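File shown: run.pdb (PDB, C-alpha atoms).
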ATOM      1  CA  MET A  24     141.334 109.652 101.050
ATOM      2  CA  LYS A  25     138.067 110.635 102.744
ATOM      3  CA  ARG A  26     136.184 108.045 100.718
ATOM      4  CA  LEU A  27     138.774 105.456 101.585
ATOM      5  CA  LEU A  28     138.346 106.210 105.275
ATOM      6  CA  LEU A  29     134.662 105.303 105.098
ATOM      7  CA  ASP A  30     135.513 102.023 103.383
ATOM      8  CA  TYR A  31     138.219 101.465 105.975
ATOM      9  CA  LEU A  32     135.732 102.011 108.774
ATOM     10  CA  GLU A  33     133.224  99.640 107.181
ATOM     11  CA  GLY A  34     135.907  97.047 106.546
ATOM     12  CA  THR A  35     135.143  96.860 102.848
ATOM     13  CA  ILE A  36     138.752  97.268 101.672
ATOM     14  CA  ASP A  37     141.305  94.492 101.414
ATOM     15  CA  SER A  38     143.737  93.827 104.232
ATOM     16  CA  ASP A  39     146.755  95.379 102.474
ATOM     17  CA  MET A  40     144.905  98.605 101.896
ATOM     18  CA  ALA A  41     143.604  98.550 105.456
ATOM     19  CA  GLN A  42     147.153  98.275 106.718
ATOM     20  CA  VAL A  43     148.234 101.220 104.584
ATOM     21  CA  CYS A  44     145.315 103.213 105.994
ATOM     22  CA  SER A  45     146.209 102.299 109.578
ATOM     23  CA  GLN A  46     149.794 103.390 109.051
ATOM     24  CA  HIS A  47     148.673 106.629 107.451
ATOM     25  CA  LEU A  48     146.248 107.364 110.262
ATOM     26  CA  GLU A  49     149.006 107.050 112.820
ATOM     27  CA  SER A  50     150.916 109.847 111.198
ATOM     28  CA  CYS A  51     148.094 112.074 109.843
ATOM     29  CA  ALA A  52     146.136 114.112 112.379
ATOM     30  CA  SER A  53     143.767 115.484 109.712
ATOM     31  CA  CYS A  54     142.676 112.008 108.603
ATOM     32  CA  ARG A  55     142.320 110.886 112.210
ATOM     33  CA  ASP A  56     140.053 113.838 112.806
ATOM     34  CA  GLU A  57     138.096 112.973 109.669
ATOM     35  CA  LEU A  58     137.698 109.368 110.807
ATOM     36  CA  GLU A  59     136.536 110.494 114.246
ATOM     37  CA  GLY A  60     133.978 112.750 112.588
ATOM     38  CA  ILE A  61     132.578 109.863 110.519
ATOM     39  CA  LYS A  62     132.498 107.609 113.563
ATOM     40  CA  ALA A  63     130.668 110.301 115.532
ATOM     41  CA  VAL A  64     128.012 110.664 112.805
ATOM     42  CA  ILE A  65     127.391 106.916 112.625
ATOM     43  CA  SER A  66     127.321 106.337 116.379
ATOM     44  CA  THR A  67     125.118 109.392 116.988
ATOM     45  CA  ALA A  68     122.723 108.351 114.220
ATOM     46  CA  ARG A  69     122.328 104.942 115.853
ATOM     47  CA  GLU A  70     121.297 106.637 119.079
ATOM     48  CA  ILE A  71     118.264 108.295 117.526
ATOM     49  CA  PRO A  72     115.351 106.336 118.954
ATOM     50  CA  ALA A  73     112.506 104.854 116.919
ATOM     51  CA  PRO A  74     109.198 103.644 118.322
ATOM     52  CA  GLU A  75     108.970  99.958 119.157
ATOM     53  CA  TYR A  76     105.741  97.965 119.211
ATOM     54  CA  PRO A  77     105.022  94.478 120.534
ATOM     55  CA  ALA A  78     103.999  91.602 118.263
ATOM     56  CA  GLU A  79     100.353  91.871 119.416
ATOM     57  CA  PHE A  80     100.209  95.404 118.069
ATOM     58  CA  TRP A  81     101.285  94.206 114.638
ATOM     59  CA  GLN A  82      98.739  91.384 114.861
ATOM     60  CA  ARG A  83      96.010  93.994 115.344
ATOM     61  CA  GLN A  84      97.466  96.067 112.541
ATOM     62  CA  TYR A  85      97.328  93.029 110.273
ATOM     63  CA  GLN A  86      93.629  92.555 111.070
ATOM     64  CA  LYS A  87      93.087  96.214 110.239
ATOM     65  CA  LEU A  88      94.983  95.702 106.997
ATOM     66  CA  GLN A  89      92.694  92.793 106.099
ATOM     67  CA  LYS A  90      89.647  95.000 106.648
ATOM     68  CA  ASP A  91      91.209  97.748 104.538
ATOM     69  CA  ALA A  92      92.005  95.205 101.841
ATOM     70  CA  HIS A  93      88.392  94.002 101.880
ATOM     71  CA  HIS A  94      87.112  97.564 101.394
ATOM     72  CA  TRP A  95      89.743  98.184  98.783
ATOM     73  CA  ASN A  96      88.736  95.039  96.865
ATOM     74  CA  ARG A  97      85.069  96.038  96.972
ATOM     75  CA  HIS A  98      85.936  99.485  95.730
ATOM     76  CA  ARG A  99      88.093  97.985  92.978
ATOM     77  CA  ARG A 100      85.311  95.635  91.915
ATOM     78  CA  PHE A 101      82.868  98.559  91.826
ATOM     79  CA  VAL A 102      85.226 100.672  89.713
ATOM     80  CA  ARG A 103      85.855  97.716  87.414
ATOM     81  CA  GLY A 104      82.081  97.183  87.044
ATOM     82  CA  VAL A 105      81.464 100.827  86.218
ATOM     83  CA  ARG A 106      84.298 100.793  83.715
ATOM     84  CA  PHE A 107      82.959  97.620  82.059
ATOM     85  CA  GLY A 108      79.464  99.121  81.918
ATOM     86  CA  LEU A 109      80.747 102.253  80.233
ATOM     87  CA  VAL A 110      82.750 100.283  77.686
ATOM     88  CA  PHE A 111      79.754  98.029  76.971
ATOM     89  CA  ALA A 112      77.416 101.027  76.528
ATOM     90  CA  LEU A 113      79.938 102.648  74.209
ATOM     91  CA  PHE A 114      80.245  99.445  72.197
ATOM     92  CA  ILE A 115      76.474  99.093  71.831
ATOM     93  CA  SER A 116      76.106 102.754  70.818
ATOM     94  CA  PHE A 117      78.856 102.426  68.259
ATOM     95  CA  THR A 118      77.370  99.206  66.847
ATOM     96  CA  LEU A 119      73.930 100.777  66.455
ATOM     97  CA  PHE A 120      75.431 103.837  64.825
ATOM     98  CA  ALA A 121      77.474 101.729  62.439
ATOM     99  CA  TRP A 122      74.389  99.603  61.624
ATOM    100  CA  ARG A 123      72.389 102.730  60.840
ATOM    101  CA  ILE A 124      75.156 104.176  58.630
ATOM    102  CA  PHE A 125      76.644 101.231  56.766
ATOM    103  CA  VAL A 126      73.946  98.599  56.408
ATOM    104  CA  PRO A 127      71.618  99.302  53.408
ATOM    105  CA  ALA A 128      67.871  99.188  53.955
ATOM    106  CA  PRO A 129      66.288  95.870  52.908
ATOM    107  CA  THR A 130      64.423  95.616  49.618
ATOM    108  CA  ASP A 131      61.584  93.249  48.765
ATOM    109  CA  GLY A 132      60.334  91.667  45.566
ATOM    110  CA  LEU A 133      57.424  94.105  45.165
ATOM    111  CA  HIS A 134      59.725  97.097  44.951
ATOM    112  CA  HIS A 135      61.838  95.300  42.400
ATOM    113  CA  LYS A 136      58.816  94.397  40.340
ATOM    114  CA  ALA A 137      57.675  98.023  40.344
ATOM    115  CA  GLY A 138      61.166  99.130  39.379
ATOM    116  CA  ILE A 139      61.440 100.927  42.687
ATOM    117  CA  GLN A 140      64.851 101.286  44.207
ATOM    118  CA  ILE A 141      65.278 102.204  47.761
ATOM    119  CA  MET A 142      68.484 104.166  47.687
ATOM    120  CA  PRO A 143      71.184 102.782  49.905
ATOM    121  CA  ILE A 144      72.018 104.977  52.839
ATOM    122  CA  THR A 145      75.587 106.174  52.922
ATOM    123  CA  LEU A 146      77.518 108.591  55.049
ATOM    124  CA  SER A 147      77.094 111.326  52.472
ATOM    125  CA  ASN A 148      73.460 110.555  51.834
ATOM    126  CA  ILE A 149      71.461 110.241  54.992
ATOM    127  CA  PRO A 150      67.839 110.790  53.960
ATOM    128  CA  THR A 151      65.272 112.392  56.169
ATOM    129  CA  GLU A 152      62.601 110.294  54.473
ATOM    130  CA  ARG A 153      62.782 107.342  52.151
ATOM    131  CA  THR A 154      63.640 108.316  48.597
ATOM    132  CA  ILE A 155      61.801 106.311  45.986
ATOM    133  CA  VAL A 156      62.795 106.467  42.354
ATOM    134  CA  MET A 157      59.804 105.663  40.222
ATOM    135  CA  PRO A 158      60.122 104.108  36.716
ATOM    136  CA  ASP A 159      57.542 106.375  35.196
ATOM    137  CA  GLU A 160      57.640 110.189  35.326
ATOM    138  CA  ASP A 161      53.861 110.238  36.148
ATOM    139  CA  PHE A 162      54.399 108.594  39.427
ATOM    140  CA  THR A 163      57.486 110.412  40.641
ATOM    141  CA  ARG A 164      55.521 112.570  43.065
ATOM    142  CA  ILE A 165      53.594 109.709  44.617
ATOM    143  CA  ALA A 166      55.877 109.694  47.621
ATOM    144  CA  ASP A 167      54.874 113.272  48.413
ATOM    145  CA  PHE A 168      51.283 112.575  49.251
ATOM    146  CA  ALA A 169      50.878 108.832  49.936
ATOM    147  CA  SER A 170      51.989 106.827  52.925
ATOM    148  CA  GLN A 171      54.348 103.935  52.327
ATOM    149  CA  GLU A 172      51.550 101.341  52.646
ATOM    150  CA  ASP A 173      49.430 103.317  50.175
ATOM    151  CA  GLN A 174      52.308 103.606  47.738
ATOM    152  CA  ILE A 175      52.864  99.849  47.818
ATOM    153  CA  ARG A 176      49.147  99.205  47.444
ATOM    154  CA  ILE A 177      48.905 101.610  44.461
ATOM    155  CA  LEU A 178      51.941 100.108  42.812
ATOM    156  CA  ALA A 179      50.638  96.574  43.333
ATOM    157  CA  GLU A 180      47.366  97.564  41.632
ATOM    158  CA  LEU A 181      49.255  99.156  38.757
ATOM    159  CA  LEU A 182      51.363  96.069  38.268
ATOM    160  CA  HIS A 183      48.353  93.821  38.441
TER     161      HIS A 183
ATOM    162  CA  MET B   1      91.213  86.788  99.294
ATOM    163  CA  MET B   2      94.870  87.637  98.781
ATOM    164  CA  SER B   3      95.251  89.047 102.282
ATOM    165  CA  GLU B   4      94.362  85.638 103.741
ATOM    166  CA  ASP B   5      97.466  84.077 102.237
ATOM    167  CA  PRO B   6      99.357  82.669 105.253
ATOM    168  CA  GLY B   7     102.642  83.452 103.531
ATOM    169  CA  PHE B   8     101.652  87.075 103.304
ATOM    170  CA  GLU B   9     100.689  87.198 106.975
ATOM    171  CA  LYS B  10     104.067  85.731 107.852
ATOM    172  CA  PHE B  11     105.764  88.422 105.810
ATOM    173  CA  TYR B  12     103.694  91.086 107.474
ATOM    174  CA  GLN B  13     104.633  89.884 110.934
ATOM    175  CA  GLN B  14     108.257  89.609 109.904
ATOM    176  CA  TYR B  15     108.745  92.921 108.161
ATOM    177  CA  ALA B  16     106.078  95.342 109.376
ATOM    178  CA  ALA B  17     108.054  96.503 112.418
ATOM    179  CA  GLN B  18     111.253  96.807 110.395
ATOM    180  CA  LEU B  19     109.556  98.766 107.626
ATOM    181  CA  HIS B  20     107.816 100.972 110.138
ATOM    182  CA  LYS B  21     111.162 101.908 111.668
ATOM    183  CA  THR B  22     112.578 102.656 108.228
ATOM    184  CA  ALA B  23     109.581 104.807 107.348
ATOM    185  CA  TYR B  24     109.798 106.536 110.707
ATOM    186  CA  ARG B  25     113.489 107.333 110.167
ATOM    187  CA  MET B  26     112.538 108.830 106.824
ATOM    188  CA  VAL B  27     109.451 110.871 107.674
ATOM    189  CA  GLU B  28     110.018 111.357 111.423
ATOM    190  CA  ASN B  29     106.347 111.036 112.225
ATOM    191  CA  ASN B  30     104.903 107.935 113.801
ATOM    192  CA  ALA B  31     101.383 108.205 112.364
ATOM    193  CA  ASP B  32     102.691 108.928 108.866
ATOM    194  CA  ALA B  33     105.140 106.035 109.132
ATOM    195  CA  MET B  34     102.302 103.719 110.166
ATOM    196  CA  ASP B  35     100.168 104.877 107.222
ATOM    197  CA  ILE B  36     103.072 104.302 104.861
ATOM    198  CA  VAL B  37     103.584 100.738 106.120
ATOM    199  CA  GLN B  38      99.887  99.858 105.824
ATOM    200  CA  GLU B  39      99.698 101.389 102.353
ATOM    201  CA  ALA B  40     102.846  99.516 101.310
ATOM    202  CA  PHE B  41     101.408  96.165 102.417
ATOM    203  CA  LEU B  42      98.088  96.964 100.778
ATOM    204  CA  ARG B  43      99.899  97.560  97.501
ATOM    205  CA  ALA B  44     102.071  94.527  98.071
ATOM    206  CA  MET B  45      99.066  92.203  98.462
ATOM    207  CA  LYS B  46      98.214  92.380  94.788
ATOM    208  CA  GLY B  47     101.604  91.303  93.510
ATOM    209  CA  PHE B  48     102.565  89.033  96.385
ATOM    210  CA  PRO B  49     101.623  85.686  94.790
ATOM    211  CA  LYS B  50     104.071  86.411  91.954
ATOM    212  CA  PHE B  51     107.020  86.456  94.349
ATOM    213  CA  ARG B  52     108.276  83.263  95.857
ATOM    214  CA  ASN B  53     111.778  84.386  96.709
ATOM    215  CA  GLU B  54     111.998  85.995 100.149
ATOM    216  CA  SER B  55     114.787  88.425  99.287
ATOM    217  CA  GLN B  56     112.820  89.576  96.234
ATOM    218  CA  VAL B  57     109.777  90.346  98.382
ATOM    219  CA  LYS B  58     111.892  92.127 100.976
ATOM    220  CA  THR B  59     113.559  94.320  98.357
ATOM    221  CA  TRP B  60     110.203  94.989  96.755
ATOM    222  CA  LEU B  61     108.562  95.950 100.070
ATOM    223  CA  TYR B  62     111.417  98.317 100.897
ATOM    224  CA  ARG B  63     111.098  99.850  97.460
ATOM    225  CA  ILE B  64     107.379 100.484  97.954
ATOM    226  CA  VAL B  65     108.048 102.043 101.358
ATOM    227  CA  MET B  66     110.787 104.267  99.960
ATOM    228  CA  ASN B  67     108.578 105.408  97.095
ATOM    229  CA  LEU B  68     105.792 106.221  99.529
ATOM    230  CA  CYS B  69     108.286 108.168 101.656
ATOM    231  CA  TYR B  70     109.342 110.132  98.578
ATOM    232  CA  ASP B  71     105.666 110.843  97.843
ATOM    233  CA  HIS B  72     105.281 111.994 101.409
ATOM    234  CA  PHE B  73     108.241 114.340 101.023
ATOM    235  CA  ARG B  74     106.831 115.670  97.779
ATOM    236  CA  LYS B  75     103.524 116.399  99.450
ATOM    237  CA  ARG B  76     105.219 118.170 102.311
ATOM    238  CA  LYS B  77     107.808 119.702  99.981
ATOM    239  CA  LYS B  78     110.243 118.871 102.681
ATOM    240  CA  ILE B  79     113.335 118.027 100.698
ATOM    241  CA  SER B  80     115.260 121.212 100.329
ATOM    242  CA  PHE B  81     118.603 122.189 101.609
ATOM    243  CA  LEU B  82     118.189 124.764 104.301
ATOM    244  CA  PRO B  83     120.987 126.648 105.980
ATOM    245  CA  ASP B  84     121.433 125.586 109.580
ATOM    246  CA  ASP B  85     119.928 128.757 111.051
ATOM    247  CA  GLN B  86     116.778 128.264 108.957
ATOM    248  CA  LEU B  87     116.205 124.684 109.999
ATOM    249  CA  PRO B  88     113.064 124.208 112.056
ATOM    250  CA  ALA B  89     113.945 124.196 115.692
ATOM    251  CA  ARG B  90     112.761 121.202 117.652
ATOM    252  CA  GLN B  91     110.965 122.098 120.823
ATOM    253  CA  THR B  92     112.669 119.642 123.128
ATOM    254  CA  ALA B  93     116.106 120.613 121.928
ATOM    255  CA  GLU B  94     115.493 124.316 122.384
ATOM    256  CA  GLU B  95     113.731 123.994 125.721
ATOM    257  CA  ASN B  96     116.286 121.849 127.478
ATOM    258  CA  PHE B  97     119.366 122.743 125.499
ATOM    259  CA  GLU B  98     121.476 123.605 128.487
ATOM    260  CA  GLU B  99     120.335 120.773 130.699
ATOM    261  CA  LYS B 100     120.793 117.988 128.241
ATOM    262  CA  GLU B 101     123.983 116.095 128.086
ATOM    263  CA  LYS B 102     126.326 116.662 125.212
ATOM    264  CA  ARG B 103     125.317 113.369 123.649
ATOM    265  CA  THR B 104     121.642 114.255 123.601
ATOM    266  CA  VAL B 105     122.426 117.569 121.997
ATOM    267  CA  ARG B 106     124.475 115.832 119.344
ATOM    268  CA  VAL B 107     121.610 113.452 118.628
ATOM    269  CA  GLU B 108     119.258 116.381 118.265
ATOM    270  CA  CYS B 109     121.739 118.197 116.073
ATOM    271  CA  LEU B 110     122.076 115.154 113.827
ATOM    272  CA  ARG B 111     118.309 114.845 113.607
ATOM    273  CA  ARG B 112     118.124 118.399 112.377
ATOM    274  CA  SER B 113     120.931 117.808 109.942
ATOM    275  CA  LEU B 114     119.094 114.794 108.514
ATOM    276  CA  ASP B 115     116.434 117.198 107.269
ATOM    277  CA  ALA B 116     119.044 118.824 105.078
ATOM    278  CA  LEU B 117     119.754 115.595 103.195
ATOM    279  CA  THR B 118     118.166 114.927  99.855
ATOM    280  CA  GLY B 119     115.584 112.153  99.651
ATOM    281  CA  ARG B 120     118.014 109.687  98.129
ATOM    282  CA  GLN B 121     120.803 110.533 100.569
ATOM    283  CA  ARG B 122     118.444 110.050 103.463
ATOM    284  CA  ALA B 123     117.142 106.781 102.051
ATOM    285  CA  VAL B 124     120.641 105.364 101.533
ATOM    286  CA  PHE B 125     121.765 106.557 104.963
ATOM    287  CA  THR B 126     118.691 105.069 106.663
ATOM    288  CA  LEU B 127     118.958 101.711 104.933
ATOM    289  CA  ARG B 128     122.685 101.483 105.576
ATOM    290  CA  ILE B 129     122.802 102.668 109.183
ATOM    291  CA  TYR B 130     119.546 101.420 110.647
ATOM    292  CA  GLN B 131     118.706  98.388 108.538
ATOM    293  CA  GLU B 132     122.368  97.525 107.932
ATOM    294  CA  LEU B 133     121.642  96.522 104.369
ATOM    295  CA  SER B 134     124.438  95.904 101.907
ATOM    296  CA  TYR B 135     125.106  98.352  99.089
ATOM    297  CA  ASP B 136     123.881  95.684  96.707
ATOM    298  CA  GLU B 137     120.513  95.480  98.478
ATOM    299  CA  ILE B 138     120.274  99.266  98.715
ATOM    300  CA  SER B 139     120.993  99.630  95.022
ATOM    301  CA  ARG B 140     118.253  97.106  94.197
ATOM    302  CA  ILE B 141     115.739  98.804  96.480
ATOM    303  CA  LEU B 142     116.378 102.277  95.149
ATOM    304  CA  GLY B 143     117.003 101.200  91.580
ATOM    305  CA  ILE B 144     120.470 102.730  91.415
ATOM    306  CA  ARG B 145     123.969 101.405  90.795
ATOM    307  CA  ILE B 146     126.081 100.052  93.651
ATOM    308  CA  GLY B 147     128.664 102.776  93.010
ATOM    309  CA  THR B 148     125.977 105.431  93.179
ATOM    310  CA  ALA B 149     124.691 103.988  96.449
ATOM    311  CA  LYS B 150     128.198 104.106  97.938
ATOM    312  CA  ALA B 151     128.809 107.644  96.707
ATOM    313  CA  THR B 152     125.431 108.808  98.001
ATOM    314  CA  TYR B 153     126.136 107.282 101.415
ATOM    315  CA  PHE B 154     129.495 109.011 101.516
ATOM    316  CA  GLN B 155     127.915 112.350 100.545
ATOM    317  CA  ALA B 156     125.287 111.932 103.264
ATOM    318  CA  VAL B 157     127.878 111.158 105.930
ATOM    319  CA  GLU B 158     130.006 114.114 104.823
ATOM    320  CA  LYS B 159     127.043 116.465 104.884
ATOM    321  CA  LEU B 160     126.020 115.303 108.345
ATOM    322  CA  LYS B 161     129.569 115.544 109.646
ATOM    323  CA  THR B 162     129.929 119.096 108.360
ATOM    324  CA  ALA B 163     126.545 120.095 109.784
ATOM    325  CA  MET B 164     127.334 118.535 113.150
ATOM    326  CA  ARG B 165     130.702 120.238 113.335
ATOM    327  CA  ALA B 166     129.149 123.577 112.422
ATOM    328  CA  THR B 167     126.562 123.206 115.166
ATOM    329  CA  GLU B 168     129.195 122.138 117.653
ATOM    330  CA  ALA B 169     131.289 125.160 116.743
ATOM    331  CA  LYS B 170     128.273 127.441 117.174
ATOM    332  CA  ASP B 171     127.481 125.791 120.465
ATOM    333  CA  GLY B 172     131.064 126.337 121.587
ATOM    334  CA  LEU B 173     130.868 130.002 120.580
ATOM    335  CA  ARG B 174     127.599 130.446 122.471
ATOM    336  CA  LYS B 175     129.123 128.894 125.587
ATOM    337  CA  ASN B 176     132.178 131.101 125.322
ATOM    338  CA  GLU B 177     129.962 134.181 124.960
ATOM    339  CA  LYS B 178     128.009 133.189 128.070
ATOM    340  CA  VAL B 179     131.202 132.652 130.050
ATOM    341  CA  ALA B 180     132.518 136.055 128.909
ATOM    342  CA  THR B 181     129.316 137.846 129.972
TER     343      THR B 181
END
Rewrite the structure of this file - the entire thing - as structure tokens.
Amino acid sequence: MKRLLLDYLEGTIDSDMAQVCSQHLESCASCRDELEGIKAVISTAREIPAPEYPAEFWQRQYQKLQKDAHHWNRHRRFVRGVRFGLVFALFISFTLFAWRIFVPAPTDGLHHKAGIQIMPITLSNIPTERTIVMPDEDFTRIADFASQEDQIRILAELLH
Amino acid sequence: MMSEDPGFEKFYQQYAAQLHKTAYRMVENNADAMDIVQEAFLRAMKGFPKFRNESQVKTWLYRIVMNLCYDHFRKRKKISFLPDDQLPARQTAEENFEEKEKRTVRVECLRRSLDALTGRQRAVFTLRIYQELSYDEISRILGIRIGTAKATYFQAVEKLKTAMRATEAKDGLRKNEKVAT
């Protein structure tokens, strides 16, 4: 019944029901008291004041909002720039890393002629210096004492 | 820039005051209410071009304001049911309790009782009483069902009625005690 009284007060029930409510209220002191209580809450709540401002005030507030929005946009652009920079740096780092790991070192004709293989670099085989497999046992240690240019020069002479 | 959209300015002029009052009824602090309104419009700027239907924008703006009010409550940890004697006393009410007319005292009492409502109850009550929105609009703003909005409003009114009656009874007792002494 309490719930119905609120609907009755708001006029959200159909006319037949409203009539039933009216008749009931005439004879029921408890419901009348309840209805008065609800009415008192609503009317008292409407008396609570709220600050009022003229249109000019809101015009000024709008200008302030525009300034805030400008700062906010600049800040957003800055954050977006930093984020893009970080992603780009990460991408470049990853690409270089992947290049170093997965792409085999280039070979040239001279190495092939000498039967030299430059071992491909893999994840499980990252050399600290170039590993050269020589065709002849006599020359296996050449890499230990000669620079790369010297090795190539020596091998070219041998082949010649 | 989005904020230079004349449609947005029109909306600001149309709804800022209304939203400020709603925020004020929720947080009961003018400066906080003003901050909430500005923040709501700042957030609204980004998505504004997507909305061309006025009622959609209105509902959306109210929703932003209500969410900011909830955030405000969370920060202040204000939403908690307190027994009447533990509610914070308002200076003006305590100072001039005897001098004020009965109506003023009732207003003050209701204000105090509003603090005892949950966030949702207060939101529904505010939107229904002060903005006179329909239950359908309220349900869309708060993202709840129409039935839930109605039930919440009823609960809020009941809670306020009980609190007001309790205060009135206490007030009556106090007066009787004073007369007796």
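Against the coordinates shown, the ChimeraX specification (/B :<8) & /A returns Arg26, Leu29, Gly60, Ile61, Ala63, Val64, Ile65, Thr67, Ala68, Arg69, Glu70, Ile71, Ala73, Pro74, Glu75, Tyr76, Ala78, Trp81, Gln82, Tyr85, Leu88, Gln89, Asp91 and Ala92 of chain A.
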Margin query: Using Å and a single decimal, report how far CA of Ala121 (chain A) sits from CA of Glu172 (chain A).
Written below: 27.7 Å
Test item: the PyMOL selection byres ((chain A and resi 45) around 12) resolved as a compact mmCIF listing (two decimals) with C-alpha atoms, in the coordinates of the input:
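Output saved as selection.txt:
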# COMPACT_ATOMS: atom_id res chain seq x y z
CA LEU A 27 138.77 105.46 101.58
CA LEU A 28 138.35 106.21 105.28
CA TYR A 31 138.22 101.46 105.98
CA LEU A 32 135.73 102.01 108.77
CA GLY A 34 135.91 97.05 106.55
CA ILE A 36 138.75 97.27 101.67
CA SER A 38 143.74 93.83 104.23
CA ASP A 39 146.76 95.38 102.47
CA MET A 40 144.90 98.60 101.90
CA ALA A 41 143.60 98.55 105.46
CA GLN A 42 147.15 98.28 106.72
CA VAL A 43 148.23 101.22 104.58
CA CYS A 44 145.32 103.21 105.99
CA GLN A 46 149.79 103.39 109.05
CA HIS A 47 148.67 106.63 107.45
CA LEU A 48 146.25 107.36 110.26
CA GLU A 49 149.01 107.05 112.82
CA SER A 50 150.92 109.85 111.20
CA CYS A 51 148.09 112.07 109.84
CA CYS A 54 142.68 112.01 108.60
CA ARG A 55 142.32 110.89 112.21
CA LEU A 58 137.70 109.37 110.81
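The space separating CA of Tyr62 (chain B) from CA of Ala163 (chain B) comes to 28.0 Å.
We find CA of Leu68 (chain B) and CA of Gln131 (chain B) to be spaced 17.6 Å apart.
Closest to Leu61 (chain B) among B:Ala149, B:Ala33, B:Ala40, B:Ala166 is B:Ala40, based on all atoms listed in the file.
Proximity of B:Trp60, B:Ala169, B:Met26, B:Ile146 to Arg120 (chain B), computed with all atoms listed in the file, is greatest for B:Met26.
Nearest-residue note for Glu168 (chain B): choosing from B:Arg128, B:Ala44, B:Ser139, B:Lys102, the minimum distance belongs to B:Lys102, counting all atoms listed in the file.
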Note to self: Restricting the calculation to all atoms listed in the file: of B:Phe48, B:Phe8, B:Ser134, B:Tyr70, which residue gets closest to Thr35 (chain A)?
What the structure shows: B:Ser134
